[in-house]
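A.B. asks: One file is attached below, target16.pdb, containing PDB, C-alpha atoms, pLDDT in the B column.
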ATOM      1  CA  MET A  10     -19.245 -15.429  13.960  1.00 93.00           C
ATOM      2  CA  PHE A  11     -18.196 -13.401  10.962  1.00 98.00           C
ATOM      3  CA  ASP A  12     -19.036 -10.169   9.149  1.00 98.00           C
ATOM      4  CA  LEU A  13     -20.564 -10.408   5.692  1.00 98.00           C
ATOM      5  CA  THR A  14     -21.048  -7.763   3.019  1.00 99.00           C
ATOM      6  CA  LEU A  15     -23.170  -8.909   0.083  1.00 98.00           C
ATOM      7  CA  THR A  16     -22.907  -7.422  -3.393  1.00 98.00           C
ATOM      8  CA  PHE A  17     -24.805  -8.257  -6.570  1.00 98.00           C
ATOM      9  CA  ASP A  18     -23.197  -7.853  -9.980  1.00 98.00           C
ATOM     10  CA  ASN A  19     -24.367  -7.744 -13.611  1.00 98.00           C
ATOM     11  CA  GLY A  20     -28.006  -6.725 -13.135  1.00 98.00           C
ATOM     12  CA  PRO A  21     -30.559  -5.430 -12.856  1.00 98.00           C
ATOM     13  CA  GLU A  22     -32.719  -8.205 -14.294  1.00 98.00           C
ATOM     14  CA  PRO A  23     -36.529  -8.385 -14.335  1.00 98.00           C
ATOM     15  CA  GLY A  24     -37.662 -11.662 -12.813  1.00 95.00           C
ATOM     16  CA  VAL A  25     -34.570 -11.938 -10.607  1.00 98.00           C
ATOM     17  CA  THR A  26     -33.700  -8.585  -9.052  1.00 98.00           C
ATOM     18  CA  PRO A  27     -37.237  -8.034  -7.641  1.00 98.00           C
ATOM     19  CA  ARG A  28     -37.072 -11.332  -5.786  1.00 98.00           C
ATOM     20  CA  VAL A  29     -33.602 -10.527  -4.464  1.00 98.00           C
ATOM     21  CA  LEU A  30     -34.857  -7.172  -3.234  1.00 98.00           C
ATOM     22  CA  ASP A  31     -37.876  -8.796  -1.590  1.00 98.00           C
ATOM     23  CA  VAL A  32     -35.627 -11.224   0.285  1.00 98.00           C
ATOM     24  CA  LEU A  33     -33.265  -8.494   1.403  1.00 98.00           C
ATOM     25  CA  VAL A  34     -35.976  -6.126   2.612  1.00 98.00           C
ATOM     26  CA  SER A  35     -37.667  -8.920   4.558  1.00 98.00           C
ATOM     27  CA  ARG A  36     -34.450  -9.422   6.496  1.00 97.00           C
ATOM     28  CA  GLY A  37     -33.360  -5.820   6.784  1.00 98.00           C
ATOM     29  CA  ILE A  38     -30.116  -6.418   4.869  1.00 98.00           C
ATOM     30  CA  LYS A  39     -28.532  -3.561   2.902  1.00 98.00           C
ATOM     31  CA  THR A  40     -26.185  -4.370   0.021  1.00 98.00           C
ATOM     32  CA  THR A  41     -24.658  -2.902  -3.132  1.00 99.00           C
ATOM     33  CA  PHE A  42     -25.793  -3.586  -6.693  1.00 98.00           C
ATOM     34  CA  PHE A  43     -22.998  -3.163  -9.241  1.00 98.00           C
ATOM     35  CA  VAL A  44     -24.987  -2.564 -12.407  1.00 98.00           C
ATOM     36  CA  ILE A  45     -24.231  -2.897 -16.122  1.00 98.00           C
ATOM     37  CA  GLY A  46     -24.601   0.491 -17.775  1.00 98.00           C
ATOM     38  CA  GLU A  47     -26.241  -0.605 -21.005  1.00 98.00           C
ATOM     39  CA  LYS A  48     -28.979  -2.401 -19.063  1.00 98.00           C
ATOM     40  CA  LEU A  49     -30.122   0.896 -17.557  1.00 98.00           C
ATOM     41  CA  ALA A  50     -31.271   2.044 -21.003  1.00 96.00           C
ATOM     42  CA  ASP A  51     -34.215  -0.325 -20.507  1.00 98.00           C
ATOM     43  CA  PRO A  52     -36.868   1.533 -18.463  1.00 98.00           C
ATOM     44  CA  GLU A  53     -37.865  -1.589 -16.531  1.00 98.00           C
ATOM     45  CA  ARG A  54     -34.301  -2.271 -15.469  1.00 98.00           C
ATOM     46  CA  ARG A  55     -33.775   1.379 -14.612  1.00 98.00           C
ATOM     47  CA  LYS A  56     -36.816   1.201 -12.320  1.00 98.00           C
ATOM     48  CA  LEU A  57     -35.296  -1.799 -10.566  1.00 98.00           C
ATOM     49  CA  ALA A  58     -32.080   0.116  -9.924  1.00 98.00           C
ATOM     50  CA  ALA A  59     -34.163   3.002  -8.603  1.00 98.00           C
ATOM     51  CA  ARG A  60     -36.094   0.637  -6.337  1.00 98.00           C
ATOM     52  CA  ALA A  61     -32.859  -0.781  -4.944  1.00 98.00           C
ATOM     53  CA  HIS A  62     -31.606   2.739  -4.292  1.00 98.00           C
ATOM     54  CA  ASP A  63     -34.860   3.787  -2.638  1.00 98.00           C
ATOM     55  CA  GLU A  64     -34.726   0.740  -0.357  1.00 98.00           C
ATOM     56  CA  GLY A  65     -31.310   1.772   0.921  1.00 98.00           C
ATOM     57  CA  HIS A  66     -28.984  -0.258  -1.267  1.00 98.00           C
ATOM     58  CA  TRP A  67     -25.960   1.346  -2.868  1.00 98.00           C
ATOM     59  CA  ILE A  68     -25.686   1.468  -6.669  1.00 98.00           C
ATOM     60  CA  GLY A  69     -22.234   0.878  -8.132  1.00 98.00           C
ATOM     61  CA  ASN A  70     -20.670   0.917 -11.588  1.00 98.00           C
ATOM     62  CA  HIS A  71     -19.732  -2.419 -13.203  1.00 98.00           C
ATOM     63  CA  THR A  72     -18.833  -1.210 -16.729  1.00 98.00           C
ATOM     64  CA  TYR A  73     -21.141  -0.506 -19.623  1.00 98.00           C
ATOM     65  CA  THR A  74     -20.940  -3.740 -21.623  1.00 97.00           C
ATOM     66  CA  HIS A  75     -19.190  -6.276 -19.341  1.00 96.00           C
ATOM     67  CA  SER A  76     -17.602  -7.713 -22.472  1.00 94.00           C
ATOM     68  CA  VAL A  77     -13.794  -7.746 -22.234  1.00 94.00           C
ATOM     69  CA  PRO A  78     -11.957  -7.228 -18.915  1.00 95.00           C
ATOM     70  CA  LEU A  79     -10.545  -3.708 -18.857  1.00 96.00           C
ATOM     71  CA  GLY A  80      -7.007  -4.932 -18.381  1.00 94.00           C
ATOM     72  CA  ARG A  81      -7.270  -6.764 -21.705  1.00 92.00           C
ATOM     73  CA  GLN A  82      -8.880  -3.980 -23.728  1.00 91.00           C
ATOM     74  CA  SER A  83      -6.862  -2.192 -26.400  1.00 88.00           C
ATOM     75  CA  ASP A  84      -9.395   0.644 -26.755  1.00 91.00           C
ATOM     76  CA  PRO A  85      -7.605   3.819 -25.600  1.00 91.00           C
ATOM     77  CA  LEU A  86     -10.997   5.281 -24.667  1.00 95.00           C
ATOM     78  CA  ALA A  87     -12.120   2.250 -22.667  1.00 96.00           C
ATOM     79  CA  ALA A  88     -12.374   4.260 -19.456  1.00 97.00           C
ATOM     80  CA  GLU A  89     -14.910   6.699 -20.861  1.00 97.00           C
ATOM     81  CA  HIS A  90     -16.739   4.085 -22.920  1.00 97.00           C
ATOM     82  CA  GLU A  91     -17.087   1.581 -20.077  1.00 98.00           C
ATOM     83  CA  ILE A  92     -16.968   3.588 -16.848  1.00 98.00           C
ATOM     84  CA  GLY A  93     -17.968   7.111 -17.844  1.00 98.00           C
ATOM     85  CA  ARG A  94     -21.055   6.069 -19.784  1.00 98.00           C
ATOM     86  CA  THR A  95     -22.193   3.822 -16.962  1.00 98.00           C
ATOM     87  CA  GLN A  96     -21.807   6.547 -14.365  1.00 98.00           C
ATOM     88  CA  ALA A  97     -23.844   8.873 -16.551  1.00 98.00           C
ATOM     89  CA  ALA A  98     -26.539   6.195 -16.845  1.00 98.00           C
ATOM     90  CA  ILE A  99     -26.591   5.705 -13.068  1.00 98.00           C
ATOM     91  CA  GLY A 100     -27.048   9.447 -12.643  1.00 98.00           C
ATOM     92  CA  ASN A 101     -28.720  10.492  -9.415  1.00 98.00           C
ATOM     93  CA  LEU A 102     -28.769   6.911  -8.142  1.00 98.00           C
ATOM     94  CA  ALA A 103     -24.999   7.014  -7.646  1.00 98.00           C
ATOM     95  CA  HIS A 104     -23.397   6.790  -4.231  1.00 97.00           C
ATOM     96  CA  GLU A 105     -21.256   9.770  -3.262  1.00 97.00           C
ATOM     97  CA  GLN A 106     -18.186   7.494  -3.221  1.00 97.00           C
ATOM     98  CA  ARG A 107     -18.728   6.631  -6.905  1.00 98.00           C
ATOM     99  CA  TRP A 108     -18.259   2.895  -6.344  1.00 98.00           C
ATOM    100  CA  PHE A 109     -16.707   1.060  -9.298  1.00 98.00           C
ATOM    101  CA  ARG A 110     -16.067  -2.661  -9.596  1.00 98.00           C
ATOM    102  CA  PRO A 111     -13.959  -4.079 -12.445  1.00 98.00           C
ATOM    103  CA  PHE A 112     -14.379  -7.674 -13.583  1.00 95.00           C
ATOM    104  CA  GLY A 113     -11.802 -10.342 -14.200  1.00 91.00           C
ATOM    105  CA  GLY A 114     -13.491 -12.661 -16.644  1.00 90.00           C
ATOM    106  CA  GLY A 115     -14.551 -15.253 -14.076  1.00 91.00           C
ATOM    107  CA  GLY A 116     -13.752 -13.721 -10.724  1.00 92.00           C
ATOM    108  CA  ASN A 117     -10.006 -13.460 -11.266  1.00 94.00           C
ATOM    109  CA  LEU A 118      -8.132 -11.033  -9.039  1.00 96.00           C
ATOM    110  CA  ASP A 119      -5.194 -10.325 -11.331  1.00 96.00           C
ATOM    111  CA  ASP A 120      -4.002  -7.949 -14.034  1.00 94.00           C
ATOM    112  CA  ARG A 121      -7.142  -8.533 -16.086  1.00 94.00           C
ATOM    113  CA  LEU A 122      -8.926  -6.018 -13.866  1.00 97.00           C
ATOM    114  CA  LEU A 123      -7.296  -2.716 -14.802  1.00 97.00           C
ATOM    115  CA  LYS A 124      -4.799  -0.987 -17.067  1.00 95.00           C
ATOM    116  CA  PRO A 125      -2.903   2.271 -16.514  1.00 95.00           C
ATOM    117  CA  SER A 126      -5.355   4.518 -18.360  1.00 95.00           C
ATOM    118  CA  ILE A 127      -8.228   3.046 -16.310  1.00 97.00           C
ATOM    119  CA  VAL A 128      -6.380   3.719 -13.064  1.00 97.00           C
ATOM    120  CA  ASN A 129      -5.684   7.290 -14.168  1.00 97.00           C
ATOM    121  CA  TYR A 130      -9.358   7.776 -15.008  1.00 98.00           C
ATOM    122  CA  LEU A 131     -10.477   6.429 -11.630  1.00 98.00           C
ATOM    123  CA  ILE A 132      -8.093   8.782  -9.862  1.00 98.00           C
ATOM    124  CA  ARG A 133      -9.002  11.802 -11.970  1.00 98.00           C
ATOM    125  CA  SER A 134     -12.733  11.169 -11.615  1.00 98.00           C
ATOM    126  CA  GLU A 135     -12.480  10.375  -7.894  1.00 98.00           C
ATOM    127  CA  PHE A 136     -13.892   6.853  -8.048  1.00 98.00           C
ATOM    128  CA  SER A 137     -13.524   4.206  -5.368  1.00 98.00           C
ATOM    129  CA  CYS A 138     -12.546   0.783  -6.715  1.00 98.00           C
ATOM    130  CA  VAL A 139     -14.219  -2.133  -4.926  1.00 98.00           C
ATOM    131  CA  LEU A 140     -12.827  -5.653  -5.273  1.00 98.00           C
ATOM    132  CA  TRP A 141     -13.836  -8.767  -3.286  1.00 98.00           C
ATOM    133  CA  ASN A 142     -12.521 -11.613  -1.145  1.00 98.00           C
ATOM    134  CA  ALA A 143     -15.328 -14.166  -1.529  1.00 98.00           C
ATOM    135  CA  ILE A 144     -16.732 -15.400  -4.828  1.00 97.00           C
ATOM    136  CA  PRO A 145     -18.712 -18.667  -4.682  1.00 98.00           C
ATOM    137  CA  ARG A 146     -19.178 -18.763  -8.469  1.00 97.00           C
ATOM    138  CA  ASP A 147     -22.960 -18.785  -8.325  1.00 98.00           C
ATOM    139  CA  TRP A 148     -23.165 -18.204 -12.087  1.00 96.00           C
ATOM    140  CA  ALA A 149     -21.251 -21.413 -12.810  1.00 96.00           C
ATOM    141  CA  ASP A 150     -22.879 -23.570 -10.125  1.00 97.00           C
ATOM    142  CA  PRO A 151     -26.391 -22.221  -9.518  1.00 98.00           C
ATOM    143  CA  ASP A 152     -27.392 -25.096  -7.254  1.00 97.00           C
ATOM    144  CA  GLY A 153     -24.144 -25.643  -5.374  1.00 97.00           C
ATOM    145  CA  TRP A 154     -22.790 -22.210  -4.565  1.00 98.00           C
ATOM    146  CA  VAL A 155     -24.309 -21.955  -1.084  1.00 98.00           C
ATOM    147  CA  ASP A 156     -21.972 -24.486   0.542  1.00 98.00           C
ATOM    148  CA  ARG A 157     -18.996 -22.896  -1.180  1.00 98.00           C
ATOM    149  CA  GLY A 158     -20.017 -19.418  -0.066  1.00 98.00           C
ATOM    150  CA  LEU A 159     -20.454 -20.476   3.546  1.00 98.00           C
ATOM    151  CA  ALA A 160     -17.078 -22.202   3.510  1.00 98.00           C
ATOM    152  CA  GLN A 161     -15.460 -19.002   2.259  1.00 98.00           C
ATOM    153  CA  CYS A 162     -17.118 -16.992   5.015  1.00 98.00           C
ATOM    154  CA  ARG A 163     -15.739 -19.325   7.685  1.00 97.00           C
ATOM    155  CA  THR A 164     -12.154 -18.723   6.571  1.00 97.00           C
ATOM    156  CA  GLN A 165     -12.019 -14.982   7.293  1.00 98.00           C
ATOM    157  CA  PRO A 166     -13.467 -12.464   9.742  1.00 98.00           C
ATOM    158  CA  TRP A 167     -15.089 -10.258   7.072  1.00 98.00           C
ATOM    159  CA  SER A 168     -16.202 -11.457   3.653  1.00 98.00           C
ATOM    160  CA  LEU A 169     -17.098  -9.178   0.755  1.00 98.00           C
ATOM    161  CA  MET A 170     -19.057 -11.589  -1.415  1.00 98.00           C
ATOM    162  CA  VAL A 171     -19.879 -11.334  -5.118  1.00 98.00           C
ATOM    163  CA  LEU A 172     -23.247 -12.753  -6.153  1.00 98.00           C
ATOM    164  CA  HIS A 173     -25.197 -12.148  -9.364  1.00 98.00           C
ATOM    165  CA  ASP A 174     -28.849 -11.149  -9.749  1.00 98.00           C
ATOM    166  CA  LEU A 175     -29.059 -12.958 -13.075  1.00 97.00           C
ATOM    167  CA  PRO A 176     -31.298 -15.643 -14.595  1.00 97.00           C
ATOM    168  CA  GLY A 177     -30.055 -19.171 -14.103  1.00 95.00           C
ATOM    169  CA  GLY A 178     -31.529 -20.172 -10.777  1.00 98.00           C
ATOM    170  CA  ALA A 179     -28.719 -19.244  -8.388  1.00 98.00           C
ATOM    171  CA  MET A 180     -30.794 -16.649  -6.562  1.00 98.00           C
ATOM    172  CA  ASP A 181     -33.462 -19.269  -5.877  1.00 98.00           C
ATOM    173  CA  HIS A 182     -31.076 -20.337  -3.116  1.00 98.00           C
ATOM    174  CA  LEU A 183     -30.454 -16.884  -1.637  1.00 98.00           C
ATOM    175  CA  GLU A 184     -32.858 -17.392   1.265  1.00 98.00           C
ATOM    176  CA  ASN A 185     -31.246 -20.723   2.125  1.00 98.00           C
ATOM    177  CA  PHE A 186     -27.827 -19.099   2.087  1.00 98.00           C
ATOM    178  CA  LEU A 187     -28.969 -16.281   4.365  1.00 98.00           C
ATOM    179  CA  ASP A 188     -30.684 -18.696   6.764  1.00 98.00           C
ATOM    180  CA  ARG A 189     -27.564 -20.780   7.094  1.00 98.00           C
ATOM    181  CA  ALA A 190     -25.239 -17.786   7.305  1.00 98.00           C
ATOM    182  CA  SER A 191     -27.383 -16.254  10.039  1.00 98.00           C
ATOM    183  CA  ALA A 192     -27.370 -19.532  11.951  1.00 98.00           C
ATOM    184  CA  LEU A 193     -23.564 -19.425  11.860  1.00 97.00           C
ATOM    185  CA  GLY A 194     -23.603 -15.929  13.355  1.00 97.00           C
ATOM    186  CA  ALA A 195     -23.248 -13.738  10.266  1.00 98.00           C
ATOM    187  CA  ARG A 196     -23.334 -10.004  10.948  1.00 98.00           C
ATOM    188  CA  TYR A 197     -24.454  -8.230   7.788  1.00 98.00           C
ATOM    189  CA  ARG A 198     -22.713  -4.996   6.881  1.00 98.00           C
ATOM    190  CA  GLN A 199     -23.178  -2.673   3.942  1.00 98.00           C
ATOM    191  CA  GLU A 200     -19.754  -1.058   4.027  1.00 98.00           C
ATOM    192  CA  PHE A 201     -16.716  -2.733   2.480  1.00 98.00           C
ATOM    193  CA  PRO A 202     -13.626  -4.109   4.259  1.00 98.00           C
ATOM    194  CA  SER A 203     -10.796  -1.647   3.716  1.00 98.00           C
ATOM    195  CA  ASP A 204      -8.488  -4.263   2.205  1.00 98.00           C
ATOM    196  CA  CYS A 205     -10.944  -4.701  -0.690  1.00 98.00           C
ATOM    197  CA  VAL A 206     -10.939  -1.003  -1.673  1.00 98.00           C
ATOM    198  CA  PRO A 207      -7.482  -0.196  -3.089  1.00 98.00           C
ATOM    199  CA  ILE A 208      -8.623   3.125  -4.588  1.00 98.00           C
ATOM    200  CA  ARG A 209     -10.868   5.324  -2.472  1.00 98.00           C
ATOM    201  CA  GLY A 210     -12.167   8.713  -3.540  1.00 98.00           C
ATOM    202  CA  GLY A 211      -9.598   8.906  -6.326  1.00 98.00           C
ATOM    203  CA  GLU A 212      -6.660   8.086  -4.059  1.00 98.00           C
ATOM    204  CA  ILE A 213      -4.619   4.882  -4.243  1.00 98.00           C
ATOM    205  CA  VAL A 214      -4.593   3.607  -0.667  1.00 98.00           C
ATOM    206  CA  LEU A 215      -3.347   0.034  -1.219  1.00 98.00           C
ATOM    207  CA  PRO A 216      -0.875  -1.515  -3.668  1.00 97.00           C
ATOM    208  CA  ILE A 217      -2.566  -2.154  -7.026  1.00 97.00           C
ATOM    209  CA  GLU A 218       0.282  -3.432  -9.188  1.00 95.00           C
ATOM    210  CA  ALA A 219      -1.090  -6.979  -9.199  1.00 96.00           C
ATOM    211  CA  TYR A 220      -4.353  -5.735 -10.739  1.00 97.00           C
ATOM    212  CA  VAL A 221      -2.905  -3.542 -13.516  1.00 96.00           C
ATOM    213  CA  SER A 222      -1.886  -4.931 -16.897  1.00 94.00           C
ATOM    214  CA  THR A 223       0.914  -3.613 -19.060  1.00 83.00           C
ATOM    215  CA  ILE A 224      -1.076  -4.108 -22.259  1.00 60.00           C
ATOM    216  CA  GLU A 225      -0.685  -0.459 -23.286  1.00 56.00           C
ATOM    217  CA  LYS A 226       3.095  -0.757 -23.190  1.00 55.00           C
ATOM    218  CA  THR A 227       2.866  -3.916 -25.298  1.00 51.00           C
ATOM    219  CA  ILE A 228       0.652  -2.176 -27.865  1.00 57.00           C
ATOM    220  CA  GLU A 229       3.064   0.734 -28.072  1.00 55.00           C
ATOM    221  CA  ARG A 230       6.019  -1.601 -28.648  1.00 43.00           C
ATOM    222  CA  GLU A 231       4.080  -3.402 -31.373  1.00 46.00           C
ATOM    223  CA  LYS A 232       3.347  -0.089 -33.085  1.00 56.00           C
ATOM    224  CA  GLN A 233       7.054   0.658 -33.078  1.00 55.00           C
ATOM    225  CA  GLY A 234       7.867  -2.747 -34.507  1.00 48.00           C
ATOM    226  CA  GLU A 235       9.473  -4.033 -31.338  1.00 43.00           C
ATOM    227  CA  HIS A 236       8.948  -7.471 -29.841  1.00 39.00           C
ATOM    228  CA  PRO A 237       7.314  -7.719 -26.402  1.00 36.00           C
TER
END
Write the structure described by the file as structure tokens, please.
C.D. replies:
Amino acid sequence: MFDLTLTFDNGPEPGVTPRVLDVLVSRGIKTTFFVIGEKLADPERRKLAARAHDEGHWIGNHTYTHSVPLGRQSDPLAAEHEIGRTQAAIGNLAHEQRWFRPFGGGGNLDDRLLKPSIVNYLIRSEFSCVLWNAIPRDWADPDGWVDRGLAQCRTQPWSLMVLHDLPGGAMDHLENFLDRASALGARYRQEFPSDCVPIRGGEIVLPIEAYVSTIEKTIEREKQGEHP
């Protein structure tokens, strides 16, 4: 048996998110949708986020453009442009914990995730930063991710899994994954394992050095004509 928290990144997407929601409601599973801010400008996508919220799922912030990992961005205003704008777009759908998930350009848990100014913004704005410990790469292997996801779940007592409600066919296998996970004794939880939330309510509660780049220091040295 194992605990399993499901999360869905990069949506909402018409044609995919509704089916995901239908599957989840039929099984009584509550999850979190980490949405892309610019997608919420589309009324249809905004309605999907609202539906997820109304059905008991949490809505989290997954940047505005999902273009360049924050730890690799040179924009000094990246925090406001990527996180602040998304939170404003989420509006009254936001969870009180202000869940934020960075991205690592392919599921990487390293210094691509954050940079010092982003960390300062998360602290100042009292966000909670949610990472993950299971990522079956459903976007890269839409037909083969189920076996990989189940294998990851078997290796630890509580998995916080990243899936994607995106076109591509991966979510066609969601029901199969849930059937097989349930048969193995999965206990579905909506909350996150504490070791995947290094910043909670604006407070650093776990070491984050491995997730924070020093790109700003490099840029400053370059401005001064120094070599990195």
A.B. asks: Just how far from atom CA of Pro78 of chain A is atom CA of Ala61 of chain A, in Å to one decimal?
C.D. replies: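 Those two atoms sit 26.0 Å apart.
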A.B. asks: Please report the interatomic distance between atom CA of Thr40 of chain A and atom CA of Glu64 of chain A in Å with one decimal.
C.D. replies: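 Distance between the two atoms: 10.0 Å.
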A.B. asks: Measuring between only C-alpha atoms, which one of A:Pro166, A:Pro145, A:Leu49, A:Leu193 shows the shortest distance to Gly100 of chain A?
C.D. replies: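 Selected residue with least distance to Gly100 of chain A: A:Leu49.
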A.B. asks: Neighbourhood query: residues within 9 Å of (-23.3, -1.6, 2.9), file coordinates, counting only C-alpha atoms; return as a list in words.
C.D. replies: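 Protein and nucleic acid residues near the point are Thr14, Leu15, Thr16, Ile38, Lys39, Thr40, Thr41, Gly65, His66, Trp67, Tyr197, Arg198, Gln199, Glu200 and Phe201 of chain A.
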A.B. asks: Quick one: write out the picked residues with C-alpha atoms as a PDB file, in the coordinates of the input?
C.D. replies:
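Output below, filename result-v8.pdb:
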ATOM      1  CA  THR A  14     -21.048  -7.763   3.019  1.00 99.00           C
ATOM      2  CA  LEU A  15     -23.170  -8.909   0.083  1.00 98.00           C
ATOM      3  CA  THR A  16     -22.907  -7.422  -3.393  1.00 98.00           C
ATOM      4  CA  ILE A  38     -30.116  -6.418   4.869  1.00 98.00           C
ATOM      5  CA  LYS A  39     -28.532  -3.561   2.902  1.00 98.00           C
ATOM      6  CA  THR A  40     -26.185  -4.370   0.021  1.00 98.00           C
ATOM      7  CA  THR A  41     -24.658  -2.902  -3.132  1.00 99.00           C
ATOM      8  CA  GLY A  65     -31.310   1.772   0.921  1.00 98.00           C
ATOM      9  CA  HIS A  66     -28.984  -0.258  -1.267  1.00 98.00           C
ATOM     10  CA  TRP A  67     -25.960   1.346  -2.868  1.00 98.00           C
ATOM     11  CA  TYR A 197     -24.454  -8.230   7.788  1.00 98.00           C
ATOM     12  CA  ARG A 198     -22.713  -4.996   6.881  1.00 98.00           C
ATOM     13  CA  GLN A 199     -23.178  -2.673   3.942  1.00 98.00           C
ATOM     14  CA  GLU A 200     -19.754  -1.058   4.027  1.00 98.00           C
ATOM     15  CA  PHE A 201     -16.716  -2.733   2.480  1.00 98.00           C
TER      16      PHE A 201
END
A.B. asks: For the file shown, report as a ChimeraX atom specification the outcome of the PyMOL selection byres ((chain A and resi 171) around 7) at residue level.
C.D. replies: /A:15-18,141,143-144,169-170,172-173
A.B. asks: Extract, using only C-alpha atoms, all DNA, RNA and protein residues at most 12 Å from Lys48 of chain A, discarding same-chain residues fewer than 3 positions from it, and format them as number ranges by chain.
C.D. replies: A: 19-23, 43-45, 51-58, 70-75, 94-95, 98-99
